>>> print(open('work.pdb').read())   # PDB, C-alpha atoms
ATOM      1  CA  MET S 237       0.000   0.000   0.000
ATOM      2  CA  ASN S 238       1.063   3.555  -0.688
ATOM      3  CA  THR S 239       0.570   6.909   0.966
ATOM      4  CA  LEU S 240      -2.692   8.591  -0.008
ATOM      5  CA  LEU S 241      -2.737  12.269  -1.027
ATOM      6  CA  LEU S 242      -6.051  14.096  -0.826
ATOM      7  CA  THR S 243      -6.660  17.584  -2.182
ATOM      8  CA  HIS S 244      -9.201  19.439  -4.338
ATOM      9  CA  PRO S 245      -9.219  22.447  -6.694
ATOM     10  CA  ASP S 246     -11.907  24.076  -4.526
ATOM     11  CA  CYS S 247      -9.185  24.741  -1.963
ATOM     12  CA  LEU S 248      -7.650  27.174  -4.450
ATOM     13  CA  GLU S 249     -10.885  29.205  -4.481
ATOM     14  CA  HIS S 250     -10.752  30.475  -0.884
ATOM     15  CA  GLU S 251      -9.705  34.116  -1.273
ATOM     16  CA  THR S 252      -8.081  36.379   1.288
ATOM     17  CA  PRO S 253      -7.095  40.055   1.068
ATOM     18  CA  LYS S 254      -3.943  41.082  -0.741
ATOM     19  CA  GLY S 255      -0.915  40.570   1.481
ATOM     20  CA  HIS S 256      -2.673  38.028   3.706
ATOM     21  CA  PRO S 257      -0.273  35.201   4.655
ATOM     22  CA  GLU S 258      -2.868  32.445   4.187
ATOM     23  CA  ARG S 259      -3.025  32.834   0.429
ATOM     24  CA  VAL S 260      -3.770  30.573  -2.503
ATOM     25  CA  ASP S 261      -0.096  30.495  -3.512
ATOM     26  CA  ARG S 262       0.562  28.242  -0.502
ATOM     27  CA  LEU S 263      -1.377  25.378  -2.035
ATOM     28  CA  ARG S 264      -0.053  26.095  -5.515
ATOM     29  CA  ALA S 265       3.505  25.722  -4.175
ATOM     30  CA  ILE S 266       2.597  22.408  -2.533
ATOM     31  CA  ASN S 267       0.855  21.135  -5.650
ATOM     32  CA  GLN S 268       3.913  22.004  -7.719
ATOM     33  CA  ILE S 269       6.373  20.108  -5.549
ATOM     34  CA  LEU S 270       4.068  17.085  -5.227
ATOM     35  CA  ALA S 271       3.887  16.926  -9.031
ATOM     36  CA  ALA S 272       7.604  16.077  -9.173
ATOM     37  CA  PRO S 273       8.520  12.627 -10.563
ATOM     38  CA  HIS S 274       9.505  11.116  -7.201
ATOM     39  CA  PHE S 275       5.945  11.670  -5.947
ATOM     40  CA  GLN S 276       4.338   9.722  -8.785
ATOM     41  CA  ARG S 277       3.937   6.694  -6.513
ATOM     42  CA  LEU S 278       1.467   8.573  -4.360
ATOM     43  CA  ASP S 279      -2.107   7.367  -4.522
ATOM     44  CA  ARG S 280      -4.184  10.457  -5.247
ATOM     45  CA  LEU S 281      -7.837  11.216  -4.586
ATOM     46  CA  GLU S 282      -9.908  14.335  -4.999
ATOM     47  CA  ALA S 283     -11.211  15.182  -1.562
ATOM     48  CA  PRO S 284     -14.971  14.736  -1.304
ATOM     49  CA  ARG S 285     -17.102  17.545   0.033
ATOM     50  CA  GLY S 286     -17.325  17.049   3.770
ATOM     51  CA  LEU S 287     -20.704  16.311   5.268
ATOM     52  CA  ARG S 288     -22.403  18.754   7.602
ATOM     53  CA  GLU S 289     -22.821  15.889  10.067
ATOM     54  CA  SER S 290     -19.039  15.463  10.073
ATOM     55  CA  VAL S 291     -18.535  19.129  10.899
ATOM     56  CA  LEU S 292     -21.060  18.793  13.730
ATOM     57  CA  LEU S 293     -18.884  16.161  15.393
ATOM     58  CA  ALA S 294     -16.612  19.008  16.521
ATOM     59  CA  HIS S 295     -18.647  22.196  16.127
ATOM     60  CA  GLU S 296     -21.913  23.511  17.506
ATOM     61  CA  GLU S 297     -24.772  23.627  15.018
ATOM     62  CA  SER S 298     -25.465  27.297  15.734
ATOM     63  CA  TYR S 299     -21.855  28.108  14.878
ATOM     64  CA  VAL S 300     -21.934  26.134  11.621
ATOM     65  CA  SER S 301     -25.139  27.944  10.634
ATOM     66  CA  ARG S 302     -23.502  31.309  11.350
ATOM     67  CA  ILE S 303     -20.595  30.480   9.071
ATOM     68  CA  GLU S 304     -22.908  29.248   6.318
ATOM     69  CA  GLU S 305     -24.979  32.426   6.533
ATOM     70  CA  ALA S 306     -21.929  34.728   6.635
ATOM     71  CA  VAL S 307     -20.494  33.588   3.283
ATOM     72  CA  PRO S 308     -20.724  36.606   0.944
ATOM     73  CA  SER S 309     -22.106  36.365  -2.580
ATOM     74  CA  GLU S 310     -19.249  38.574  -3.742
ATOM     75  CA  GLY S 311     -16.191  40.248  -2.295
ATOM     76  CA  MET S 312     -14.884  39.285   1.143
ATOM     77  CA  GLU S 313     -16.316  39.333   4.640
ATOM     78  CA  ALA S 314     -14.153  39.558   7.771
ATOM     79  CA  VAL S 315     -15.014  37.153  10.584
ATOM     80  CA  ASP S 316     -12.211  38.764  12.604
ATOM     81  CA  PRO S 317      -9.183  40.829  11.529
ATOM     82  CA  ASP S 318      -7.293  37.659  10.491
ATOM     83  CA  THR S 319     -10.073  35.410   9.217
ATOM     84  CA  TRP S 320     -11.930  36.128   5.990
ATOM     85  CA  LEU S 321     -14.762  34.557   4.024
ATOM     86  CA  SER S 322     -15.104  34.801   0.245
ATOM     87  CA  PRO S 323     -17.830  33.289  -1.971
ATOM     88  CA  ARG S 324     -16.066  29.891  -2.255
ATOM     89  CA  SER S 325     -14.573  29.709   1.242
ATOM     90  CA  LEU S 326     -17.208  27.298   2.530
ATOM     91  CA  ASP S 327     -16.560  24.985  -0.425
ATOM     92  CA  ALA S 328     -12.832  25.017   0.349
ATOM     93  CA  ALA S 329     -13.343  24.434   4.066
ATOM     94  CA  LEU S 330     -15.700  21.518   3.425
ATOM     95  CA  ARG S 331     -13.152  19.919   1.094
ATOM     96  CA  GLY S 332     -10.727  20.068   4.006
ATOM     97  CA  VAL S 333     -13.266  18.252   6.167
ATOM     98  CA  GLY S 334     -13.898  15.739   3.396
ATOM     99  CA  ALA S 335     -10.186  15.123   2.901
ATOM    100  CA  ALA S 336      -9.659  14.466   6.606
ATOM    101  CA  THR S 337     -12.606  12.103   7.005
ATOM    102  CA  ARG S 338     -11.888  10.259   3.753
ATOM    103  CA  ALA S 339      -8.259   9.830   4.825
ATOM    104  CA  VAL S 340      -9.422   8.285   8.096
ATOM    105  CA  ASP S 341     -11.700   5.917   6.170
ATOM    106  CA  ALA S 342      -8.778   4.921   3.941
ATOM    107  CA  VAL S 343      -6.381   4.018   6.740
ATOM    108  CA  PHE S 344      -9.024   2.052   8.640
ATOM    109  CA  ASN S 345     -10.345   0.277   5.545
ATOM    110  CA  GLY S 346      -6.890  -0.825   4.405
ATOM    111  CA  GLU S 347      -6.727   1.378   1.307
ATOM    112  CA  ALA S 348      -3.618   3.167   2.595
ATOM    113  CA  VAL S 349      -1.242   2.976   5.523
ATOM    114  CA  ASN S 350      -1.072   6.737   5.944
ATOM    115  CA  ALA S 351      -2.354   9.872   4.253
ATOM    116  CA  PHE S 352      -1.629  13.567   3.756
ATOM    117  CA  CYS S 353      -4.372  16.151   3.236
ATOM    118  CA  ALA S 354      -3.181  19.141   1.204
ATOM    119  CA  THR S 355      -6.054  21.534   1.818
ATOM    120  CA  ARG S 356      -6.677  25.095   2.903
ATOM    121  CA  PRO S 357      -7.885  26.974   4.908
ATOM    122  CA  PRO S 358      -6.199  25.389   7.949
ATOM    123  CA  GLY S 359      -8.212  24.281  10.959
ATOM    124  CA  HIS S 360      -6.503  23.928  14.338
ATOM    125  CA  HIS S 361      -7.509  27.363  15.699
ATOM    126  CA  ALA S 362     -11.220  26.767  15.058
ATOM    127  CA  GLU S 363     -12.980  26.144  18.368
ATOM    128  CA  SER S 364     -16.324  24.405  18.761
ATOM    129  CA  ASP S 365     -18.168  27.721  18.377
ATOM    130  CA  LYS S 366     -15.592  30.168  17.031
ATOM    131  CA  ALA S 367     -13.623  30.839  13.840
ATOM    132  CA  MET S 368     -10.211  32.423  14.285
ATOM    133  CA  GLY S 369      -6.610  32.379  13.119
ATOM    134  CA  PHE S 370      -7.516  31.783   9.434
ATOM    135  CA  CYS S 371      -9.566  28.686  10.469
ATOM    136  CA  PHE S 372     -13.254  27.781  10.166
ATOM    137  CA  PHE S 373     -13.579  24.007  10.705
ATOM    138  CA  ASN S 374     -11.123  21.979  12.762
ATOM    139  CA  ASN S 375     -10.082  19.229  10.349
ATOM    140  CA  ALA S 376      -7.806  17.408  12.802
ATOM    141  CA  ALA S 377     -10.439  17.262  15.530
ATOM    142  CA  ILE S 378     -13.108  16.216  13.037
ATOM    143  CA  ALA S 379     -10.827  13.431  11.760
ATOM    144  CA  ALA S 380     -10.334  12.135  15.307
ATOM    145  CA  LEU S 381     -14.027  12.208  16.133
ATOM    146  CA  HIS S 382     -14.914  10.641  12.774
ATOM    147  CA  ALA S 383     -12.603   7.729  13.592
ATOM    148  CA  ARG S 384     -14.430   7.147  16.866
ATOM    149  CA  GLU S 385     -17.875   7.546  15.334
ATOM    150  CA  ASN S 386     -17.352   5.393  12.253
ATOM    151  CA  HIS S 387     -14.421   3.024  12.891
ATOM    152  CA  ASN S 388     -14.750   2.049  16.536
ATOM    153  CA  ALA S 389     -11.511   3.786  17.456
ATOM    154  CA  GLN S 390     -11.389   3.964  21.235
ATOM    155  CA  ARG S 391      -8.509   6.431  21.640
ATOM    156  CA  VAL S 392      -7.378   8.983  19.054
ATOM    157  CA  ALA S 393      -4.414  11.344  19.328
ATOM    158  CA  VAL S 394      -3.631  14.624  17.598
ATOM    159  CA  VAL S 395      -0.007  15.790  17.607
ATOM    160  CA  ASP S 396       0.587  19.382  16.500
ATOM    161  CA  PHE S 397       3.986  20.868  15.606
ATOM    162  CA  ASP S 398       2.715  24.139  14.108
ATOM    163  CA  VAL S 399       4.481  27.240  15.453
ATOM    164  CA  HIS S 400       1.100  28.386  16.823
ATOM    165  CA  HIS S 401      -0.752  26.502  19.533
ATOM    166  CA  GLY S 402      -3.870  24.677  18.330
ATOM    167  CA  ASN S 403      -6.271  26.261  20.792
ATOM    168  CA  GLY S 404      -9.267  24.927  18.885
ATOM    169  CA  THR S 405      -8.215  21.298  19.081
ATOM    170  CA  GLN S 406      -7.374  21.718  22.747
ATOM    171  CA  GLU S 407     -10.782  23.254  23.488
ATOM    172  CA  ILE S 408     -12.696  20.537  21.615
ATOM    173  CA  PHE S 409     -10.727  17.730  23.329
ATOM    174  CA  TRP S 410     -10.504  19.363  26.779
ATOM    175  CA  SER S 411     -12.855  17.113  28.785
ATOM    176  CA  ASP S 412     -12.520  13.812  26.915
ATOM    177  CA  ARG S 413     -10.020  11.323  28.350
ATOM    178  CA  ASP S 414     -10.106   9.229  25.167
ATOM    179  CA  LEU S 415      -8.812  12.084  23.016
ATOM    180  CA  PHE S 416      -5.183  13.195  23.281
ATOM    181  CA  TYR S 417      -3.736  16.531  22.180
ATOM    182  CA  GLY S 418       0.012  17.135  22.246
ATOM    183  CA  SER S 419       1.605  20.327  20.967
ATOM    184  CA  THR S 420       4.946  22.045  20.591
ATOM    185  CA  HIS S 421       4.595  25.736  19.731
ATOM    186  CA  GLN S 422       6.206  29.098  20.293
ATOM    187  CA  MET S 423       5.177  31.136  23.341
ATOM    188  CA  PRO S 424       4.443  33.938  23.678
ATOM    189  CA  LEU S 425       2.701  34.037  20.300
ATOM    190  CA  PHE S 426      -0.825  33.965  18.899
ATOM    191  CA  PRO S 427      -3.266  32.687  20.158
ATOM    192  CA  GLY S 428      -1.806  32.968  23.681
ATOM    193  CA  THR S 429      -2.808  29.492  24.867
ATOM    194  CA  GLY S 430      -0.652  26.412  25.344
ATOM    195  CA  GLU S 431       0.956  26.703  28.768
ATOM    196  CA  MET S 432       2.226  23.461  30.290
ATOM    197  CA  SER S 433      -0.366  23.938  33.049
ATOM    198  CA  GLU S 434      -3.198  23.502  30.525
ATOM    199  CA  THR S 435      -3.822  19.764  30.865
ATOM    200  CA  GLY S 436      -7.560  19.196  30.414
ATOM    201  CA  VAL S 437      -8.417  15.940  32.203
ATOM    202  CA  GLY S 438      -4.846  14.744  31.828
ATOM    203  CA  ASN S 439      -5.230  14.342  28.073
ATOM    204  CA  ILE S 440      -3.628  17.646  27.015
ATOM    205  CA  VAL S 441       0.173  17.886  26.850
ATOM    206  CA  ASN S 442       1.758  21.199  25.915
ATOM    207  CA  ALA S 443       5.495  21.759  25.467
ATOM    208  CA  PRO S 444       5.919  25.473  24.689
ATOM    209  CA  LEU S 445       9.121  26.704  23.067
ATOM    210  CA  ARG S 446      10.716  30.157  23.134
ATOM    211  CA  ALA S 447      11.513  32.408  20.207
ATOM    212  CA  GLY S 448      14.868  31.370  18.777
ATOM    213  CA  ASP S 449      14.600  27.735  19.858
ATOM    214  CA  GLY S 450      15.799  25.326  17.207
ATOM    215  CA  SER S 451      16.322  21.658  16.523
ATOM    216  CA  ASP S 452      17.835  20.639  19.873
ATOM    217  CA  ARG S 453      15.113  22.211  22.014
ATOM    218  CA  PHE S 454      12.306  21.013  19.725
ATOM    219  CA  ARG S 455      13.554  17.438  19.728
ATOM    220  CA  GLU S 456      14.118  17.481  23.478
ATOM    221  CA  ALA S 457      10.562  18.735  24.053
ATOM    222  CA  MET S 458       9.176  16.008  21.850
ATOM    223  CA  MET S 459      11.327  13.251  23.354
ATOM    224  CA  SER S 460      10.840  14.236  26.989
ATOM    225  CA  THR S 461       7.219  15.387  26.982
ATOM    226  CA  ILE S 462       5.014  14.794  23.928
ATOM    227  CA  LEU S 463       6.160  11.402  22.639
ATOM    228  CA  PRO S 464       6.246   9.591  26.007
ATOM    229  CA  ALA S 465       2.718  10.802  26.751
ATOM    230  CA  LEU S 466       1.570   9.713  23.299
ATOM    231  CA  ASP S 467       3.176   6.313  23.796
ATOM    232  CA  ALA S 468       1.444   5.875  27.155
ATOM    233  CA  PHE S 469      -1.898   6.894  25.599
ATOM    234  CA  GLU S 470      -1.699   3.955  23.136
ATOM    235  CA  PRO S 471      -3.768   5.510  20.346
ATOM    236  CA  ASP S 472      -5.794   3.635  17.744
ATOM    237  CA  LEU S 473      -5.046   6.449  15.259
ATOM    238  CA  ILE S 474      -2.569   9.317  15.131
ATOM    239  CA  VAL S 475      -3.649  12.545  13.443
ATOM    240  CA  VAL S 476      -0.952  15.115  12.734
ATOM    241  CA  SER S 477      -1.645  18.838  12.639
ATOM    242  CA  ALA S 478       1.206  19.435  10.212
ATOM    243  CA  GLY S 479       2.076  23.099  10.402
ATOM    244  CA  PHE S 480       5.393  24.055   8.840
ATOM    245  CA  ASP S 481       5.572  27.640  10.112
ATOM    246  CA  ALA S 482       8.073  26.590  12.787
ATOM    247  CA  HIS S 483      10.593  26.646   9.928
ATOM    248  CA  ARG S 484      13.400  29.155  10.425
ATOM    249  CA  ASP S 485      12.388  31.053   7.258
ATOM    250  CA  ASP S 486       8.718  31.494   8.145
ATOM    251  CA  PRO S 487       7.580  35.111   8.600
ATOM    252  CA  LEU S 488       4.947  34.395  11.287
ATOM    253  CA  GLY S 489       7.150  32.714  13.895
ATOM    254  CA  SER S 490      10.638  32.777  15.367
ATOM    255  CA  LEU S 491      11.489  29.120  15.816
ATOM    256  CA  GLN S 492      14.497  27.782  13.933
ATOM    257  CA  LEU S 493      13.440  24.397  12.620
ATOM    258  CA  SER S 494      14.511  22.941   9.276
ATOM    259  CA  GLU S 495      13.293  20.256   6.912
ATOM    260  CA  GLU S 496      15.429  17.718   8.806
ATOM    261  CA  ASP S 497      13.407  18.384  11.956
ATOM    262  CA  PHE S 498      10.130  17.715  10.141
ATOM    263  CA  ILE S 499      11.572  14.459   8.792
ATOM    264  CA  TRP S 500      12.676  13.533  12.314
ATOM    265  CA  ILE S 501       9.299  14.120  13.972
ATOM    266  CA  THR S 502       7.459  12.400  11.130
ATOM    267  CA  LEU S 503       9.647   9.316  11.653
ATOM    268  CA  ARG S 504       9.036   9.343  15.417
ATOM    269  CA  LEU S 505       5.265   9.558  14.921
ATOM    270  CA  LEU S 506       5.349   6.787  12.320
ATOM    271  CA  GLU S 507       7.238   4.574  14.774
ATOM    272  CA  LEU S 508       4.518   5.058  17.382
ATOM    273  CA  ALA S 509       1.820   4.513  14.758
ATOM    274  CA  ASP S 510       3.469   1.193  13.879
ATOM    275  CA  GLN S 511       3.689   0.251  17.541
ATOM    276  CA  HIS S 512       0.129   1.111  18.542
ATOM    277  CA  CYS S 513      -2.179   1.403  15.537
ATOM    278  CA  GLU S 514      -0.917  -0.711  12.638
ATOM    279  CA  GLY S 515       0.720   2.324  11.051
ATOM    280  CA  ARG S 516      -2.488   4.349  10.808
ATOM    281  CA  LEU S 517      -1.553   8.022  10.565
ATOM    282  CA  VAL S 518      -3.421  10.907   8.925
ATOM    283  CA  SER S 519      -1.642  14.231   8.426
ATOM    284  CA  VAL S 520      -3.554  17.447   7.740
ATOM    285  CA  LEU S 521      -1.950  20.677   6.581
ATOM    286  CA  GLU S 522      -2.019  23.600   8.986
ATOM    287  CA  GLY S 523       0.348  26.588   8.717
ATOM    288  CA  GLY S 524       3.454  27.456   6.730
ATOM    289  CA  TYR S 525       3.763  30.840   5.055
ATOM    290  CA  ASP S 526       7.165  31.074   3.384
ATOM    291  CA  LEU S 527       6.397  29.418   0.057
ATOM    292  CA  ARG S 528       9.797  27.855  -0.537
ATOM    293  CA  ALA S 529      10.124  26.558   3.015
ATOM    294  CA  LEU S 530       6.523  25.304   2.991
ATOM    295  CA  ALA S 531       6.874  23.398  -0.266
ATOM    296  CA  SER S 532      10.233  21.888   0.700
ATOM    297  CA  SER S 533       9.001  20.889   4.166
ATOM    298  CA  VAL S 534       5.812  19.315   2.827
ATOM    299  CA  GLY S 535       7.871  17.418   0.269
ATOM    300  CA  CYS S 536      10.125  16.008   2.993
ATOM    301  CA  HIS S 537       7.153  15.139   5.201
ATOM    302  CA  VAL S 538       5.317  13.335   2.408
ATOM    303  CA  GLN S 539       8.439  11.489   1.228
ATOM    304  CA  THR S 540       8.885  10.209   4.782
ATOM    305  CA  LEU S 541       5.287   9.001   4.846
ATOM    306  CA  MET S 542       5.788   7.290   1.489
ATOM    307  CA  ARG S 543       8.908   5.427   2.591
ATOM    308  CA  ALA S 544       7.088   4.148   5.679
ATOM    309  CA  ALA S 545       4.141   2.966   3.594
ATOM    310  CA  GLU S 546       6.408   1.135   1.161
ATOM    311  CA  ILE S 547       8.126  -0.917   3.850
ATOM    312  CA  SER S 548       5.016  -1.633   5.912
TER     313      SER S 548
END
>>> encode(input="work.pdb", output="structure tokens")
Amino acid sequence: MNTLLLTHPDCLEHETPKGHPERVDRLRAINQILAAPHFQRLDRLEAPRGLRESVLLAHEESYVSRIEEAVPSEGMEAVDPDTWLSPRSLDAALRGVGAATRAVDAVFNGEAVNAFCATRPPGHHAESDKAMGFCFFNNAAIAALHARENHNAQRVAVVDFDVHHGNGTQEIFWSDRDLFYGSTHQMPLFPGTGEMSETGVGNIVNAPLRAGDGSDRFREAMMSTILPALDAFEPDLIVVSAGFDAHRDDPLGSLQLSEEDFIWITLRLLELADQHCEGRLVSVLEGGYDLRALASSVGCHVQTLMRAAEIS
């Protein structure tokens, strides 16, 4: 079995104001690198349109209705100063939901060992009743809850290495002992959450990093804090909130990671997926705003997934 790549042209139709970091060129850069010859072995699927019932696994119905009603017929509408809706934004966001849930189906049904969802807008800042930080629907949380609802997964983990803390995933998982959220992220930085003291019901593990921290500190935080807790949790599925804005060249953060660090953490997560959940791992794109660094980092991440699938 190969790695499954899910994306959709609708994700290119979500428009943001000129100069906004979460722009369509992000996905174009990813699509370009994943069209290279050494990615031809990827299994590729167009992401289906996510179901409203899937969105409601993680979000309140009143909130979903507000987003649906706020989509403009033309131009752009600000949800907050960072988060904008355009006429096709809902289509793009629902393709992200559909990619995440279809990827979960694939790894549980034996169609693929692992999967990467190349979609935008991102999702990990979206709380159960609030859009923020460029995000509308929390794809990682929806993927986890979809696995429980449809594949009898008892325990599902989300690991997040975006430079920004995934406050939305944390909020959605906060009171559920069978859902695990582990995050490395820069602090202080938007959204201001992610202290080590934020532990939910023992299922939330935060390992904040400081501006300027690089490979050594990132790997130490993962090895001493996040990965041991994930190992002890013994998940039936690992979902990765794959944000690449912790890269040293990214304009929105001040961590100093490189492509080698993303390869390293991908390998560590694959090892735990092999140990606990028959290799099942679903990765969903979050941040990453320097186009060259984003494309290169995604390429390294996906190549690592592919090598694991080929030897499984």
>>> atom_distance(input="work.pdb", atom1="atom CA of Gly524 of chain S", atom2="atom CA of Asn267 of chain S")
14.1 Å
>>> residues_around(input="work.pdb", residues="segment 301-314 of chain S", least_positions_apart="4", cutoff="9 Å", atoms="all atoms listed in the file", output="tab-separated table (two decimals) with C-alpha atoms, in the frame of the given file")
chain	number	residue	atom	x	y	z
S	251	GLU	CA	-9.70	34.12	-1.27
S	252	THR	CA	-8.08	36.38	1.29
S	253	PRO	CA	-7.10	40.06	1.07
S	296	GLU	CA	-21.91	23.51	17.51
S	297	GLU	CA	-24.77	23.63	15.02
S	318	ASP	CA	-7.29	37.66	10.49
S	319	THR	CA	-10.07	35.41	9.22
S	320	TRP	CA	-11.93	36.13	5.99
S	321	LEU	CA	-14.76	34.56	4.02
S	322	SER	CA	-15.10	34.80	0.24
S	323	PRO	CA	-17.83	33.29	-1.97
S	324	ARG	CA	-16.07	29.89	-2.26
S	325	SER	CA	-14.57	29.71	1.24
S	326	LEU	CA	-17.21	27.30	2.53
S	367	ALA	CA	-13.62	30.84	13.84
S	372	PHE	CA	-13.25	27.78	10.17
>>> resolve_selection(input="work.pdb", expression="the PyMOL selection byres ((chain S and resi 402-411) around 8)", output="NGL selection string")
:S and (294 or 360-364 or 374 or 376-377 or 396 or 398 or 400-401 or 412-413 or 415-417 or 419 or 427 or 429-430 or 435-437 or 439-440)
>>> closest_residue(input="work.pdb", among="S:Thr540, S:Asn350, S:Ser477, S:Asn386", to="Trp500 of chain S", atoms="all atoms listed in the file")
S:Thr540
>>> closest_residue(input="work.pdb", among="S:Lys366, S:Asp452, S:Pro464, S:Asp414", to="Ser298 of chain S", atoms="all atoms listed in the file")
S:Lys366
>>> closest_atom_pairs(input="work.pdb", of="segment 332-393 of chain S", to="segment 530-536 of chain S", cutoff="12 Å", atoms="only C-alpha atoms", output="tab-separated table")
residue	atom	partner	partner_atom	distance
S:Phe352	CA	S:Val534	CA	9.4
S:Cys353	CA	S:Val534	CA	10.7
S:Ala354	CA	S:Val534	CA	9.1
>>> axis_aligned_box(input="work.pdb", around="segment 273-284 of chain S", padding_each_side="6 Å", output="AutoDock Vina command-line options")
--center_x -2.7 --center_y 10.9 --center_z -5.9 --size_x 36.5 --size_y 20.5 --size_z 21.3
>>> atom_distance(input="work.pdb", atom1="atom CA of Leu488 of chain S", atom2="atom CA of Leu506 of chain S")
27.6 Å
>>> residues_around(input="work.pdb", residues="Gly255 of chain S", least_positions_apart="5", cutoff="12 Å", atoms="only C-alpha atoms", output="list in words")
Val260, Asp261, Asp318 and Tyr525 of chain S
>>> resolve_selection(input="work.pdb", expression="the PyMOL selection byres ((chain S and resi 395) around 9)", output="PyMOL selection string")
chain S and resi 393-394+396-397+416-420+462+466+474-478+505
>>> write_last_selection(input="work.pdb", atoms="C-alpha atoms", output="PDB file, keeping the file's coordinate frame")
ATOM      1  CA  ALA S 393      -4.414  11.344  19.328  1.00  0.00           C
ATOM      2  CA  VAL S 394      -3.631  14.624  17.598  1.00  0.00           C
ATOM      3  CA  ASP S 396       0.587  19.382  16.500  1.00  0.00           C
ATOM      4  CA  PHE S 397       3.986  20.868  15.606  1.00  0.00           C
ATOM      5  CA  PHE S 416      -5.183  13.195  23.281  1.00  0.00           C
ATOM      6  CA  TYR S 417      -3.736  16.531  22.180  1.00  0.00           C
ATOM      7  CA  GLY S 418       0.012  17.135  22.246  1.00  0.00           C
ATOM      8  CA  SER S 419       1.605  20.327  20.967  1.00  0.00           C
ATOM      9  CA  THR S 420       4.946  22.045  20.591  1.00  0.00           C
ATOM     10  CA  ILE S 462       5.014  14.794  23.928  1.00  0.00           C
ATOM     11  CA  LEU S 466       1.570   9.713  23.299  1.00  0.00           C
ATOM     12  CA  ILE S 474      -2.569   9.317  15.131  1.00  0.00           C
ATOM     13  CA  VAL S 475      -3.649  12.545  13.443  1.00  0.00           C
ATOM     14  CA  VAL S 476      -0.952  15.115  12.734  1.00  0.00           C
ATOM     15  CA  SER S 477      -1.645  18.838  12.639  1.00  0.00           C
ATOM     16  CA  ALA S 478       1.206  19.435  10.212  1.00  0.00           C
ATOM     17  CA  LEU S 505       5.265   9.558  14.921  1.00  0.00           C
TER      18      LEU S 505
END
>>> resolve_selection(input="work.pdb", expression="the PyMOL selection byres ((chain S and resi 546) around 10)", output="MDAnalysis selection string")
chainID S and resid 237:239 277 349 541:545 547:548
>>> atom_distance(input="work.pdb", atom1="atom CA of Val520 of chain S", atom2="atom CA of Arg446 of chain S")
24.5 Å
>>> residues_around(input="work.pdb", residues="segment 278-293 of chain S", least_positions_apart="5", cutoff="10 Å", atoms="only C-alpha atoms", output="PyMOL selection string")
chain S and resi 237-247+270-271+298-300+327-339+347-348+351-355+364+373-375+377-382+385+408+538-539+541-542
>>> closest_residue(input="work.pdb", among="S:Leu425, S:Leu445, S:Cys513, S:Leu508", to="Phe344 of chain S", atoms="all atoms listed in the file")
S:Cys513
>>> closest_residue(input="work.pdb", among="S:Met423, S:Leu521, S:Val343, S:Val315", to="Pro357 of chain S", atoms="only C-alpha atoms")
S:Leu521
>>> closest_residue(input="work.pdb", among="S:Pro273, S:Pro444, S:Gly359, S:Gly523", to="Thr461 of chain S", atoms="only C-alpha atoms")
S:Pro444
